[in-house]
Structure formats: structure tokens, C-alpha cells
$ cat upload_14.cif   # mmCIF, C-alpha atoms
data_final
#
loop_
_atom_site.label_atom_id
_atom_site.label_comp_id
_atom_site.auth_asym_id
_atom_site.auth_seq_id
_atom_site.Cartn_x
_atom_site.Cartn_y
_atom_site.Cartn_z
CA ALA A 52 -144.17 -49.95 -49.37
CA GLN A 53 -147.24 -51.28 -47.68
CA LYS A 54 -150.40 -49.28 -47.31
CA VAL A 55 -153.81 -49.86 -45.76
CA THR A 56 -156.78 -47.66 -46.64
CA GLN A 57 -160.02 -47.49 -44.72
CA ALA A 58 -161.96 -45.03 -46.79
CA GLN A 59 -164.88 -44.78 -44.36
CA THR A 60 -163.81 -42.55 -41.52
CA GLU A 61 -167.17 -42.68 -39.77
CA ILE A 62 -170.29 -44.81 -40.13
CA SER A 63 -173.53 -44.41 -38.24
CA VAL A 64 -176.20 -47.12 -38.17
CA VAL A 65 -179.24 -47.96 -36.16
CA GLU A 66 -179.20 -51.03 -33.98
CA LYS A 67 -179.93 -54.31 -35.79
CA GLU A 68 -178.73 -52.99 -39.12
CA ASP A 69 -175.94 -54.84 -40.90
CA VAL A 70 -172.81 -52.82 -41.57
CA THR A 71 -169.67 -53.46 -43.63
CA LEU A 72 -166.34 -51.83 -42.92
CA ASP A 73 -164.07 -51.63 -45.92
CA CYS A 74 -160.34 -52.27 -45.97
CA VAL A 75 -158.12 -52.07 -49.04
CA TYR A 76 -154.44 -52.82 -48.88
CA GLU A 77 -151.33 -52.51 -51.01
CA THR A 78 -148.30 -54.76 -50.81
CA ARG A 79 -145.74 -56.25 -53.15
CA ASP A 80 -145.40 -59.32 -51.01
CA THR A 81 -147.06 -62.62 -51.82
CA THR A 82 -147.07 -63.68 -48.19
CA TYR A 83 -148.66 -61.40 -45.66
CA TYR A 84 -151.06 -61.24 -42.77
CA LEU A 85 -154.18 -59.14 -42.45
CA PHE A 86 -155.74 -58.14 -39.15
CA TRP A 87 -158.75 -56.43 -37.71
CA TYR A 88 -158.72 -54.72 -34.31
CA LYS A 89 -161.49 -53.08 -32.34
CA GLN A 90 -160.91 -50.04 -30.14
CA PRO A 91 -163.88 -49.33 -27.85
CA PRO A 92 -164.17 -46.00 -26.01
CA SER A 93 -162.04 -47.40 -23.17
CA GLY A 94 -159.06 -47.20 -25.52
CA GLU A 95 -157.63 -50.70 -25.62
CA LEU A 96 -157.11 -52.25 -29.06
CA VAL A 97 -158.72 -55.66 -29.07
CA PHE A 98 -157.52 -58.22 -31.58
CA LEU A 99 -160.36 -59.68 -33.65
CA ILE A 100 -158.86 -61.74 -36.45
CA ARG A 101 -155.70 -62.57 -38.35
CA ARG A 102 -155.79 -63.85 -41.91
CA ASN A 103 -152.95 -65.43 -43.88
CA SER A 104 -152.67 -64.35 -47.52
CA PHE A 105 -152.85 -67.96 -48.66
CA ASP A 106 -156.18 -68.53 -47.00
CA GLU A 107 -158.96 -66.81 -48.91
CA GLN A 108 -161.80 -68.54 -47.16
CA ASN A 109 -164.26 -66.20 -45.60
CA GLU A 110 -164.61 -66.42 -41.86
CA ILE A 111 -167.61 -66.10 -39.60
CA SER A 112 -167.57 -65.66 -35.86
CA GLY A 113 -170.99 -65.07 -34.41
CA ARG A 114 -172.27 -61.77 -35.79
CA TYR A 115 -168.87 -60.96 -37.30
CA SER A 116 -167.75 -62.06 -40.75
CA TRP A 117 -164.76 -61.25 -42.91
CA ASN A 118 -164.51 -61.28 -46.68
CA PHE A 119 -160.96 -61.60 -48.00
CA GLN A 120 -160.58 -61.01 -51.74
CA LYS A 121 -157.05 -61.11 -53.04
CA SER A 122 -158.13 -60.09 -56.54
CA THR A 123 -159.29 -56.72 -55.25
CA SER A 124 -156.83 -56.48 -52.33
CA SER A 125 -159.66 -56.12 -49.89
CA PHE A 126 -160.40 -57.52 -46.47
CA ASN A 127 -163.84 -56.29 -45.48
CA PHE A 128 -165.52 -56.76 -42.14
CA THR A 129 -169.28 -57.16 -41.72
CA ILE A 130 -171.23 -56.93 -38.51
CA THR A 131 -174.66 -58.49 -38.75
CA ALA A 132 -177.50 -57.18 -36.60
CA SER A 133 -175.33 -54.49 -35.06
CA GLN A 134 -175.60 -53.66 -31.37
CA VAL A 135 -174.76 -50.57 -29.37
CA VAL A 136 -171.79 -52.41 -27.87
CA ASP A 137 -170.29 -52.62 -31.35
CA SER A 138 -169.71 -48.87 -31.26
CA ALA A 139 -165.95 -48.45 -31.54
CA VAL A 140 -163.14 -47.55 -33.87
CA TYR A 141 -162.11 -50.47 -36.05
CA PHE A 142 -158.63 -50.79 -37.51
CA CYS A 143 -157.46 -52.95 -40.37
CA ALA A 144 -153.75 -53.79 -40.45
CA LEU A 145 -151.23 -55.55 -42.68
CA SER A 146 -147.89 -57.19 -41.99
CA ASP A 147 -145.14 -58.92 -43.88
CA PRO A 148 -143.94 -62.04 -42.04
CA HIS A 149 -140.57 -61.83 -43.75
CA ASN A 150 -139.92 -58.27 -42.73
CA ASN A 151 -137.45 -58.14 -39.89
CA ALA A 152 -136.98 -54.43 -39.81
CA GLY A 153 -138.97 -51.26 -39.59
CA ASN A 154 -142.65 -51.03 -38.94
CA MET A 155 -144.09 -54.45 -38.27
CA LEU A 156 -147.76 -53.67 -38.69
CA THR A 157 -149.15 -51.12 -41.10
CA PHE A 158 -152.44 -49.80 -39.78
CA GLY A 159 -155.25 -48.16 -41.66
CA GLY A 160 -156.63 -44.88 -40.39
CA GLY A 161 -159.56 -46.56 -38.67
CA THR A 162 -163.33 -46.41 -39.11
CA ARG A 163 -165.46 -45.06 -36.29
CA LEU A 164 -168.69 -47.02 -36.05
CA MET A 165 -171.59 -45.56 -34.11
CA VAL A 166 -174.53 -47.81 -33.46
CA LYS A 167 -177.58 -45.93 -32.25
CA PRO A 168 -180.34 -47.58 -30.25
CA ASP B 1402 -155.06 -65.17 -22.54
CA VAL B 1403 -152.38 -62.64 -23.30
CA LYS B 1404 -152.21 -59.90 -20.75
CA VAL B 1405 -150.51 -56.59 -21.39
CA THR B 1406 -150.70 -54.05 -18.62
CA GLN B 1407 -149.67 -50.42 -18.50
CA SER B 1408 -148.78 -48.62 -15.31
CA SER B 1409 -151.30 -45.81 -15.58
CA ARG B 1410 -154.53 -45.19 -17.47
CA TYR B 1411 -154.28 -41.42 -17.03
CA LEU B 1412 -151.26 -39.28 -16.32
CA VAL B 1413 -150.81 -35.53 -16.00
CA LYS B 1414 -147.31 -34.09 -16.07
CA ARG B 1415 -145.72 -30.67 -16.40
CA THR B 1416 -143.51 -29.47 -19.21
CA GLY B 1417 -139.90 -30.43 -18.62
CA GLU B 1418 -140.64 -33.36 -16.31
CA LYS B 1419 -139.14 -36.76 -16.94
CA VAL B 1420 -141.91 -39.26 -17.56
CA PHE B 1421 -141.82 -43.03 -17.37
CA LEU B 1422 -144.50 -45.18 -18.95
CA GLU B 1423 -144.30 -48.84 -18.00
CA CYS B 1424 -145.60 -51.84 -19.88
CA VAL B 1425 -145.61 -55.45 -18.72
CA GLN B 1426 -146.65 -58.56 -20.61
CA ASP B 1427 -147.10 -62.02 -19.15
CA MET B 1428 -146.82 -64.23 -22.24
CA ASP B 1429 -143.06 -64.41 -22.66
CA HIS B 1430 -143.27 -62.49 -25.94
CA GLU B 1431 -140.00 -61.55 -27.61
CA ASN B 1432 -141.27 -58.36 -29.19
CA MET B 1433 -142.70 -55.29 -27.56
CA PHE B 1434 -143.85 -52.02 -29.07
CA TRP B 1435 -144.74 -48.47 -28.11
CA TYR B 1436 -147.20 -46.47 -30.20
CA ARG B 1437 -148.81 -43.11 -29.84
CA GLN B 1438 -152.28 -42.42 -31.15
CA ASP B 1439 -153.50 -38.98 -32.09
CA PRO B 1440 -156.75 -37.90 -33.75
CA GLY B 1441 -156.37 -37.86 -37.52
CA LEU B 1442 -152.89 -39.40 -37.39
CA GLY B 1443 -153.74 -42.97 -36.47
CA LEU B 1444 -151.23 -45.19 -34.70
CA ARG B 1445 -147.59 -44.32 -35.05
CA LEU B 1446 -144.78 -46.55 -33.91
CA ILE B 1447 -142.30 -44.88 -31.55
CA TYR B 1448 -139.92 -47.70 -30.66
CA PHE B 1449 -139.91 -51.45 -30.52
CA SER B 1450 -137.76 -54.10 -28.90
CA TYR B 1451 -137.11 -57.61 -30.18
CA ASP B 1452 -135.12 -58.85 -27.20
CA VAL B 1453 -133.86 -57.80 -23.80
CA LYS B 1454 -131.68 -54.69 -24.08
CA MET B 1455 -132.38 -54.52 -27.82
CA LYS B 1456 -134.36 -51.69 -29.36
CA GLU B 1457 -135.09 -50.17 -32.72
CA LYS B 1458 -136.51 -46.82 -33.69
CA GLY B 1459 -139.94 -46.66 -35.17
CA ASP B 1460 -141.41 -43.84 -37.20
CA ILE B 1461 -141.35 -41.09 -34.58
CA PRO B 1462 -138.60 -41.73 -32.00
CA GLU B 1463 -137.64 -38.09 -31.46
CA GLY B 1464 -138.11 -36.98 -27.87
CA TYR B 1465 -138.43 -40.53 -26.58
CA SER B 1466 -136.18 -43.30 -25.33
CA VAL B 1467 -136.91 -46.83 -24.19
CA SER B 1468 -135.56 -49.43 -21.83
CA ARG B 1469 -135.94 -53.19 -21.82
CA GLU B 1470 -133.99 -54.69 -18.94
CA LYS B 1471 -136.29 -57.69 -18.52
CA LYS B 1472 -138.17 -59.63 -21.15
CA GLU B 1473 -141.59 -58.88 -19.72
CA ARG B 1474 -141.12 -55.13 -19.22
CA PHE B 1475 -140.72 -52.34 -21.75
CA SER B 1476 -140.50 -48.75 -20.60
CA LEU B 1477 -141.04 -45.59 -22.58
CA ILE B 1478 -139.21 -42.52 -21.31
CA LEU B 1479 -139.91 -38.90 -22.10
CA GLU B 1480 -136.69 -37.21 -21.02
CA SER B 1481 -138.22 -33.74 -20.91
CA ALA B 1482 -141.94 -33.78 -21.53
CA SER B 1483 -143.40 -31.23 -23.89
CA THR B 1484 -146.98 -30.25 -24.62
CA ASN B 1485 -146.82 -31.83 -28.07
CA GLN B 1486 -146.31 -35.18 -26.38
CA THR B 1487 -149.83 -35.05 -25.00
CA SER B 1488 -151.32 -38.19 -26.49
CA MET B 1489 -152.62 -41.69 -25.99
CA TYR B 1490 -149.75 -44.16 -25.60
CA LEU B 1491 -150.31 -47.81 -26.41
CA CYS B 1492 -148.01 -50.69 -25.64
CA ALA B 1493 -148.16 -54.03 -27.47
CA SER B 1494 -146.37 -57.34 -27.56
CA SER B 1495 -146.09 -60.20 -30.03
CA ILE B 1496 -144.43 -63.56 -30.37
CA LEU B 1497 -143.05 -62.86 -33.83
CA ARG B 1498 -142.26 -59.47 -35.29
CA ALA B 1499 -144.95 -59.45 -37.94
CA ASP B 1500 -147.51 -61.52 -36.08
CA THR B 1501 -150.50 -60.55 -34.00
CA GLN B 1502 -149.81 -57.74 -31.58
CA TYR B 1503 -151.67 -57.69 -28.28
CA PHE B 1504 -152.26 -54.29 -26.81
CA GLY B 1505 -152.45 -52.87 -23.32
CA PRO B 1506 -155.25 -50.56 -22.15
CA GLY B 1507 -153.34 -47.41 -23.06
CA THR B 1508 -152.13 -44.41 -21.09
CA ARG B 1509 -153.64 -41.00 -21.75
CA LEU B 1510 -150.83 -38.58 -21.04
CA THR B 1511 -151.46 -34.87 -20.68
CA VAL B 1512 -148.49 -32.52 -20.52
CA LEU B 1513 -149.34 -29.09 -19.16
#
$ encode --input "upload_14.cif" --output "C-alpha cells"
Amino acid sequence: AQKVTQAQTEISVVEKEDVTLDCVYETRDTTYYLFWYKQPPSGELVFLIRRNSFDEQNEISGRYSWNFQKSTSSFNFTITASQVVDSAVYFCALSDPHNNAGNMLTFGGGTRLMVKP
Amino acid sequence: DVKVTQSSRYLVKRTGEKVFLECVQDMDHENMFWYRQDPGLGLRLIYFSYDVKMKEKGDIPEGYSVSREKKERFSLILESASTNQTSMYLCASSILRADTQYFGPGTRLTVL
């Protein structure tokens, strides 16, 4: 069975601080996708990134970066120079591309990030 | 850009009422999903559909049914709403089953 753990339920930082959101996953599959979603107070889940298990290169998009480490089954998300608009709940998720039944995406419990001015 | 819309952002219904939540996507996606989100319980899959008129139960289908008569539209039905169905309902769609899901804005349903 697949599992995604986001051990940090809530993080509070002051604007301009860097912050890392942890995501640890469990799967028996060798091929899988990893995702990060952002849920601002408005409620909509916004897709941020998808990573293929064969691609371990880290990715940077503006102030966002992702560190994928297969050896530790982790897919951590760092926000550099955080801003108040980054305040949201962030979800990590895992899927098996070969799974044609049951739950498609396995979500972690989410991490609530509060960025204070 | 993928666009997923839901019929209402906020809805208040009474116990026993039949409730319809509508979801429409404009990207010709095969797969559509309904989740509910509750504090401390995360996102839980209610039902999903992989084609018109096709549906499969998710983790918590009890008390719900769905309808997919057209590819772009996926409806969630609460046959007889109960207070424990007060929740945030999120619809999503994807091209492939295990690929990126794109979510709608959500419907906050309150059952009194």
C-alpha cells in the first residue's frame, strides 16, 4: 500500500525566511509520480509540480524548489524568501501510473504554512 | 489552462434534502473525481469516473451517488443529506488515472 507522510502539521515563519516542507512516501512500485499542491484559504487545490520517479534532478521555479531523494523516499519542498501570499496548506501526493483501480492519488495530511509579516 | 468549475462555492441544505453538486471541466479529460475534505482527515475520495456513464467507488461512497452523462460533467448526489455530510467537496479531473489532477474551487456544504 502507498503512504505519504507530512510530519509537520503546521509551520509558522516570518516573511523573508526560508522554509522547507517535508514529505516522506512509501511505495513498492519502481515507477511512480510525486506531486505538490497548494491550497490557499480560498479552498482550491492548485497544482505545483509533478515528478517522475526516474527523474531525481532537483527543480527550481522562482522562489520554489523541490528536492527529490529516492534513497530516503523524500520529496521536500522549499520556499525561499517566504511571502505572506505563501500562506496556505500544502499537500504532497503520490500515484502509481500502472494502477488502474482504487485510489489514484494518495495524499499526505497536509502542512499548514503561516507566513507572518 | 485546465478549468474545472463547480456549481456553487457555498451551499446550505436541510437534513433529508436531495443535494446535487455539479462539476464541469473543459479539457476533455477522461477521468473525474469527487473528494471531501474534513479537518484532521485530509482528502478522501468518494467516487471517480473514468468514462461517460462509468463510475467506481472510492474510499467513502456511503451516502453518495454520482452521475456522468456527458464527458465534461460529473455530478455528486446526496440522496438524503445528513449533518455528517457537512464538508468541503472538491472535484478534480485528469487525463490519465494516475496523472496530475486539476481541482475545482470547492463547494462548502452545510447541512442543518
$ atom_distance --input "upload_14.cif" --atom1 "CA of Ile130 in chain A" --atom2 "CA of Arg102 in chain A"
17.3 Å
$ interface_residues --input "upload_14.cif" --of "chain B" --to "chain A" --cutoff "8 Å" --atoms "all atoms listed in the file" --output "PDB file with C-alpha atoms, keeping the file's coordinate frame"
ATOM      1  CA  GLY B1441    -156.370 -37.860 -37.520  1.00  0.00           C
ATOM      2  CA  LEU B1442    -152.890 -39.400 -37.390  1.00  0.00           C
ATOM      3  CA  GLY B1443    -153.740 -42.970 -36.470  1.00  0.00           C
ATOM      4  CA  LEU B1444    -151.230 -45.190 -34.700  1.00  0.00           C
ATOM      5  CA  LEU B1446    -144.780 -46.550 -33.910  1.00  0.00           C
ATOM      6  CA  GLU B1457    -135.090 -50.170 -32.720  1.00  0.00           C
ATOM      7  CA  LYS B1458    -136.510 -46.820 -33.690  1.00  0.00           C
ATOM      8  CA  GLY B1459    -139.940 -46.660 -35.170  1.00  0.00           C
ATOM      9  CA  ASP B1460    -141.410 -43.840 -37.200  1.00  0.00           C
ATOM     10  CA  LEU B1491    -150.310 -47.810 -26.410  1.00  0.00           C
ATOM     11  CA  ARG B1498    -142.260 -59.470 -35.290  1.00  0.00           C
ATOM     12  CA  ALA B1499    -144.950 -59.450 -37.940  1.00  0.00           C
ATOM     13  CA  ASP B1500    -147.510 -61.520 -36.080  1.00  0.00           C
ATOM     14  CA  THR B1501    -150.500 -60.550 -34.000  1.00  0.00           C
ATOM     15  CA  GLN B1502    -149.810 -57.740 -31.580  1.00  0.00           C
ATOM     16  CA  TYR B1503    -151.670 -57.690 -28.280  1.00  0.00           C
ATOM     17  CA  PHE B1504    -152.260 -54.290 -26.810  1.00  0.00           C
ATOM     18  CA  GLY B1505    -152.450 -52.870 -23.320  1.00  0.00           C
ATOM     19  CA  PRO B1506    -155.250 -50.560 -22.150  1.00  0.00           C
ATOM     20  CA  GLY B1507    -153.340 -47.410 -23.060  1.00  0.00           C
TER      21      GLY B1507
END
$ closest_residue --input "upload_14.cif" --among "B:Val1420, B:Arg1415, B:Arg1445, B:Ser1494" --to "Arg1474 in chain B" --atoms "all atoms listed in the file"
B:Ser1494
$ resolve_selection --input "upload_14.cif" --expression "the PyMOL selection byres ((chain B and resi 1478) around 8)" --output "list in words"
Lys1419, Val1420, Phe1421, Leu1422, Tyr1465, Ser1466, Val1467, Ser1468, Ser1476, Leu1477, Leu1479 and Glu1480 of chain B
$ resolve_selection --input "upload_14.cif" --expression "the PyMOL selection byres ((chain A and resi 61-64) around 7)" --output "ChimeraX atom specification"
/A:59-60,65-66,68,162-167
